[in-house]
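Below: query15.cif (mmCIF, C-alpha atoms)
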data_input
loop_
_atom_site.label_atom_id
_atom_site.label_comp_id
_atom_site.auth_asym_id
_atom_site.auth_seq_id
_atom_site.Cartn_x
_atom_site.Cartn_y
_atom_site.Cartn_z
CA MET J 1 131.96 123.47 49.87
CA SER J 2 132.55 124.08 53.51
CA HIS J 3 135.72 122.13 53.93
CA PHE J 4 139.10 123.70 53.42
CA SER J 5 142.53 122.16 53.20
CA GLY J 6 143.49 122.95 56.78
CA GLN J 7 142.30 121.58 60.09
CA THR J 8 141.02 124.69 61.84
CA LYS J 9 140.96 128.34 61.02
CA GLU J 10 140.26 131.24 63.30
CA LEU J 11 137.23 133.24 62.21
CA ALA J 12 136.77 136.02 64.74
CA LYS J 13 137.32 137.30 68.23
CA ILE J 14 134.26 136.81 70.41
CA ASP J 15 133.23 139.23 73.16
CA ARG J 16 134.31 137.61 76.42
CA ASN J 17 131.52 139.33 78.36
CA ALA J 18 128.95 137.63 76.13
CA ILE J 19 130.66 134.29 76.75
CA VAL J 20 130.65 134.87 80.51
CA LEU J 21 126.91 135.65 80.46
CA LEU J 22 126.19 132.36 78.71
CA VAL J 23 128.52 130.30 80.92
CA ASN J 24 127.06 131.85 84.08
CA GLU J 25 123.52 131.08 82.96
CA LEU J 26 124.47 127.48 82.21
CA ALA J 27 125.96 127.16 85.70
CA LYS J 28 122.70 128.34 87.28
CA GLN J 29 120.60 125.67 85.56
CA ALA J 30 120.92 122.49 87.62
CA GLY J 31 120.07 119.38 85.63
CA LEU J 32 119.96 121.19 82.28
CA TRP J 33 122.67 119.09 80.63
CA GLU J 34 121.18 115.79 81.78
CA LYS J 35 117.64 116.71 80.73
CA TRP J 36 118.49 117.89 77.22
CA ASP J 37 121.19 115.30 76.58
CA ALA J 38 118.57 112.59 77.17
CA LEU J 39 116.44 114.18 74.41
CA LYS J 40 119.18 114.84 71.84
CA PRO J 41 118.76 113.57 68.28
CA ASN J 42 122.53 113.15 67.72
CA ARG J 43 123.18 109.80 69.38
CA PHE J 44 126.35 108.77 67.59
CA GLY J 45 128.57 106.07 69.05
CA VAL J 46 131.60 108.33 68.73
CA PHE J 47 130.39 110.27 71.77
CA ASN J 48 130.81 107.12 73.91
CA GLY J 49 129.24 108.65 77.01
CA CYS J 50 131.92 111.35 77.28
CA VAL J 51 129.95 114.10 75.53
CA GLN J 52 126.69 115.73 76.57
CA HIS J 53 124.69 118.02 74.28
CA ILE J 54 122.03 120.64 74.55
CA VAL J 55 120.55 120.81 71.05
CA PHE J 56 118.72 123.94 69.91
CA LYS J 57 118.46 123.31 66.17
CA TYR J 58 119.11 120.12 64.20
CA PRO J 59 118.56 118.82 60.65
CA VAL J 60 115.21 117.16 60.09
CA ASP J 61 116.98 114.62 57.89
CA LEU J 62 120.73 113.98 57.94
CA SER J 63 120.72 113.80 54.15
CA ASP J 64 119.95 117.53 53.77
CA HIS J 65 121.47 120.45 55.68
CA ARG J 66 118.87 122.96 54.43
CA HIS J 67 115.96 121.83 56.58
CA SER J 68 116.21 122.01 60.36
CA MET J 69 113.89 121.71 63.31
CA THR J 70 114.14 124.18 66.16
CA PHE J 71 113.72 122.86 69.69
CA PRO J 72 111.57 124.82 72.18
CA ILE J 73 114.58 125.53 74.40
CA TRP J 74 116.00 127.84 71.68
CA HIS J 75 113.48 130.56 72.55
CA ASP J 76 114.96 130.92 76.05
CA TRP J 77 118.62 130.71 75.04
CA GLN J 78 118.63 132.63 71.76
CA PRO J 79 119.26 136.03 73.42
CA LEU J 80 122.49 134.66 74.93
CA ILE J 81 123.65 132.56 71.98
CA GLN J 82 122.69 134.57 68.90
CA PRO J 83 125.15 137.42 69.61
CA LEU J 84 128.00 134.88 69.68
CA ILE J 85 126.89 133.37 66.37
CA ASP J 86 126.56 136.82 64.80
CA GLN J 87 130.12 137.73 65.80
CA ALA J 88 131.52 134.44 64.50
CA VAL J 89 130.00 134.54 61.01
CA CYS J 90 130.89 138.10 59.99
CA SER J 91 134.00 136.99 58.09
CA TYR J 92 131.96 134.84 55.70
CA GLY J 93 130.14 137.89 54.33
CA TYR J 94 127.07 135.97 53.23
CA GLU J 95 124.04 138.06 52.30
CA GLN J 96 121.76 135.15 53.13
CA GLY J 97 123.59 133.13 55.77
CA ILE J 98 121.69 130.30 57.42
CA VAL J 99 122.43 128.51 60.68
CA ALA J 100 121.43 124.87 60.24
CA ARG J 101 122.45 123.20 63.49
CA ILE J 102 123.08 124.75 66.92
CA MET J 103 124.18 122.95 70.06
CA LEU J 104 126.25 123.18 73.17
CA ALA J 105 128.67 120.29 73.57
CA LYS J 106 130.32 119.33 76.84
CA LEU J 107 133.35 117.05 76.64
CA ARG J 108 133.62 115.75 80.15
CA SER J 109 136.77 115.88 82.22
CA LYS J 110 139.09 112.97 81.36
CA GLY J 111 136.98 112.23 78.27
CA SER J 112 137.84 111.90 74.63
CA ILE J 113 136.12 111.77 71.26
CA PRO J 114 137.77 109.19 69.00
CA MET J 115 138.96 110.04 65.52
CA HIS J 116 136.09 110.27 63.03
CA VAL J 117 134.81 112.10 59.95
CA ASP J 118 131.38 113.75 59.99
CA SER J 119 129.99 111.63 57.19
CA SER J 120 126.32 112.54 56.90
CA GLN J 121 125.26 114.45 53.81
CA SER J 122 124.02 117.29 56.05
CA ALA J 123 127.60 117.82 57.29
CA LYS J 124 129.17 118.22 53.83
CA ILE J 125 128.14 121.75 52.85
CA PRO J 126 127.88 123.89 56.02
CA HIS J 127 130.85 125.43 57.76
CA LYS J 128 131.29 123.76 61.18
CA VAL J 129 131.94 126.54 63.67
CA HIS J 130 133.14 126.08 67.26
CA ILE J 131 133.11 128.80 69.88
CA PRO J 132 134.89 127.60 73.02
CA LEU J 133 133.04 128.74 76.14
CA GLN J 134 134.95 126.84 78.80
CA THR J 135 138.25 125.04 78.34
CA THR J 136 141.76 124.70 79.69
CA ARG J 137 145.08 124.58 77.92
CA GLY J 138 145.39 120.78 77.94
CA VAL J 139 142.18 120.21 75.97
CA VAL J 140 142.94 119.65 72.28
CA MET J 141 141.41 118.81 68.93
CA ASN J 142 143.28 115.89 67.34
CA PHE J 143 143.75 115.27 63.63
CA ALA J 144 144.75 112.26 61.52
CA ASP J 145 148.20 113.64 60.79
CA LYS J 146 148.91 113.46 64.55
CA ASN J 147 148.73 117.24 64.89
CA SER J 148 146.64 118.70 67.66
CA CYS J 149 145.56 122.20 68.56
CA HIS J 150 143.92 123.97 71.44
CA LEU J 151 140.84 126.09 70.69
CA ALA J 152 140.93 129.07 73.06
CA VAL J 153 138.05 130.90 74.72
CA GLY J 154 137.40 134.29 73.13
CA ARG J 155 137.72 133.06 69.55
CA ALA J 156 135.52 131.38 66.94
CA TYR J 157 136.99 128.66 64.74
CA GLU J 158 135.92 126.73 61.69
CA VAL J 159 136.81 123.06 62.09
CA ASN J 160 137.29 120.94 59.00
CA ASN J 161 134.88 118.12 59.79
CA ARG J 162 135.61 116.38 56.46
CA ILE J 163 138.98 115.14 57.68
CA GLU J 164 139.60 112.79 60.59
CA HIS J 165 139.33 114.65 63.86
CA GLY J 166 138.65 114.00 67.53
CA ALA J 167 139.22 115.66 70.88
CA THR J 168 140.96 114.87 74.15
CA ASN J 169 140.29 116.35 77.57
CA PRO J 170 142.85 115.00 80.04
CA THR J 171 142.12 117.84 82.48
CA GLY J 172 139.98 118.07 85.59
CA GLN J 173 137.55 120.54 83.97
CA ASP J 174 134.77 119.95 81.45
CA ARG J 175 135.21 121.56 78.03
CA VAL J 176 132.12 123.36 76.67
CA HIS J 177 131.78 124.57 73.07
CA LEU J 178 128.98 126.25 71.21
CA ILE J 179 128.91 124.44 67.85
CA PHE J 180 126.85 125.40 64.83
CA ASP J 181 126.64 124.87 61.08
CA TYR J 182 126.56 127.87 58.77
CA PHE J 183 126.01 128.12 55.02
CA SER J 184 124.99 130.56 52.31
CA GLN J 185 121.45 130.12 51.09
CA ALA J 186 122.38 131.93 47.88
CA LYS J 187 124.84 129.17 46.89
CA ASN J 188 122.49 126.25 47.51
#
For this file, write the structure as structure tokens.
Amino acid sequence: MSHFSGQTKELAKIDRNAIVLLVNELAKQAGLWEKWDALKPNRFGVFNGCVQHIVFKYPVDLSDHRHSMTFPIWHDWQPLIQPLIDQAVCSYGYEQGIVARIMLAKLRSKGSIPMHVDSSQSAKIPHKVHIPLQTTRGVVMNFADKNSCHLAVGRAYEVNNRIEHGATNPTGQDRVHLIFDYFSQAKN
């Protein structure tokens, strides 16, 4: 199982130069967020207009994490994103690790994601990994026990998506995370 008893756990340090390359490329692409957010398959009410996504890989069916579709945009962005994923998953030590879902998520300035549990079957097995690309100190993940934590740039974290969680961005800057699901093919 992917979930653990905690809320978040730090997985790895991520090369800041690789993060800067990705963030700079995103900044150059006018209209990218709007275009790909309009095409995203993950249209959950919890995002309430405060979150935009650029989806690269997503489950074909939310009842099974093992089968994903890859969007054409992945070809262009894989050279910038794959090195970050590779750094983040080292600590798992899987011989046959699979990435099932890959997206960039932008929580807009002054936005929030209400408390929720990722309830689809496809979210039960994989590890949910967040790599903060752009954030400020006031942006936090919130949990049901009223605890909150800041996920810092330069680190990769596993977030326990099987407990109530949300996020708050009271700042004047958008928060951007690379989020992906990771699991061992050998165990499934």
Computed gap from atom CA of Glu25 of chain J to atom CA of Thr8 of chain J is 28.2 Å
Run the PyMOL selection byres ((chain J and resi 19) around 9) on the file and write out the hits as a PDB file with C-alpha atoms, keeping the file's coordinate frame.
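Output file part03.pdb follows:
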ATOM      1  CA  ILE J  14     134.260 136.810  70.410  1.00  0.00           C
ATOM      2  CA  ASP J  15     133.230 139.230  73.160  1.00  0.00           C
ATOM      3  CA  ARG J  16     134.310 137.610  76.420  1.00  0.00           C
ATOM      4  CA  ASN J  17     131.520 139.330  78.360  1.00  0.00           C
ATOM      5  CA  ALA J  18     128.950 137.630  76.130  1.00  0.00           C
ATOM      6  CA  VAL J  20     130.650 134.870  80.510  1.00  0.00           C
ATOM      7  CA  LEU J  21     126.910 135.650  80.460  1.00  0.00           C
ATOM      8  CA  LEU J  22     126.190 132.360  78.710  1.00  0.00           C
ATOM      9  CA  VAL J  23     128.520 130.300  80.920  1.00  0.00           C
ATOM     10  CA  ASN J  24     127.060 131.850  84.080  1.00  0.00           C
ATOM     11  CA  LEU J  80     122.490 134.660  74.930  1.00  0.00           C
ATOM     12  CA  ILE J  81     123.650 132.560  71.980  1.00  0.00           C
ATOM     13  CA  LEU J  84     128.000 134.880  69.680  1.00  0.00           C
ATOM     14  CA  PRO J 132     134.890 127.600  73.020  1.00  0.00           C
ATOM     15  CA  LEU J 133     133.040 128.740  76.140  1.00  0.00           C
ATOM     16  CA  GLN J 134     134.950 126.840  78.800  1.00  0.00           C
ATOM     17  CA  VAL J 153     138.050 130.900  74.720  1.00  0.00           C
ATOM     18  CA  GLY J 154     137.400 134.290  73.130  1.00  0.00           C
TER      19      GLY J 154
END
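Taking atom CA of Ala12 of chain J and atom CA of Asn161 of chain J as endpoints, the distance between them is 18.7 Å.
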Quick one: apply the PyMOL selection byres ((chain J and resi 157) around 7) to the file and drop the selected residues here as a VMD selection string.
-> chain J and resid 8 to 11 129 to 131 155 to 156 158 to 159
Report the distance between atom CA of His75 of chain J and atom CA of Lys128 of chain J in Å, rounded to one decimal place.
-> 22.2 Å
Run the PyMOL selection byres ((chain J and resi 127) around 6) on the file and write out the hits as a ChimeraX atom specification.
-> /J:2,126,128,181-182
Restricting the output to C-alpha atoms, write the selected residues as a CSV table (one decimal), in the coordinates of the input.
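Resulting contents of selection_18.csv:
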chain,number,residue,atom,x,y,z
J,2,SER,CA,132.6,124.1,53.5
J,126,PRO,CA,127.9,123.9,56.0
J,128,LYS,CA,131.3,123.8,61.2
J,181,ASP,CA,126.6,124.9,61.1
J,182,TYR,CA,126.6,127.9,58.8
Who sits within 7 Å of His116 of chain J, only C-alpha atoms, same chain under 2 positions skipped, as a PDB file with C-alpha atoms, in the coordinates of the input:
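Okay, around.pdb is ready:
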ATOM      1  CA  PRO J 114     137.770 109.190  69.000  1.00  0.00           C
ATOM      2  CA  ASP J 118     131.380 113.750  59.990  1.00  0.00           C
ATOM      3  CA  GLU J 164     139.600 112.790  60.590  1.00  0.00           C
ATOM      4  CA  HIS J 165     139.330 114.650  63.860  1.00  0.00           C
ATOM      5  CA  GLY J 166     138.650 114.000  67.530  1.00  0.00           C
TER       6      GLY J 166
END
Find the residues near Ser109 of chain J: any atom within 12 Å, counting all atoms listed in the file, skip ones fewer than 3 places away on the same chain, and give them as a count of residues only.
-> 22
Find the residues around Ser184 of chain J up to 7 Å (only C-alpha atoms counted), leave out those fewer than 6 positions away in its own chain, and share them as a ChimeraX atom specification.
-> /J:94,96-98
Store the residues of this selection in a file with C-alpha atoms, as a PDB file, in the frame of the given file.
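Final output, saved to part.pdb:
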ATOM      1  CA  TYR J  94     127.070 135.970  53.230  1.00  0.00           C
ATOM      2  CA  GLN J  96     121.760 135.150  53.130  1.00  0.00           C
ATOM      3  CA  GLY J  97     123.590 133.130  55.770  1.00  0.00           C
ATOM      4  CA  ILE J  98     121.690 130.300  57.420  1.00  0.00           C
TER       5      ILE J  98
END
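Closest approach to Asp86 of chain J from the set J:Ile163, J:Val99, J:Ala38, J:Leu26 is made by J:Val99, with distances taken over only C-alpha atoms.
Remark: for His53 of chain J, the closest of the candidate residues J:Leu178, J:Ala144, J:Ala27, J:Ala88 is J:Leu178 (distances computed over only C-alpha atoms).
Among the candidate residues J:Met115, J:Trp36, J:Ile73, J:Ala30, the one lying nearest to Lys146 of chain J is J:Met115, with distances computed using all atoms listed in the file.
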Around all of segment 112-115 of chain J's listed atoms, make the axis-aligned box with 4 Å on each side and tell me centre and edge lengths in Å to one decimal, as lines of an AutoDock Vina configuration file.
center_x = 137.5
center_y = 110.5
center_z = 70.1
size_x = 10.8
size_y = 10.7
size_z = 17.1
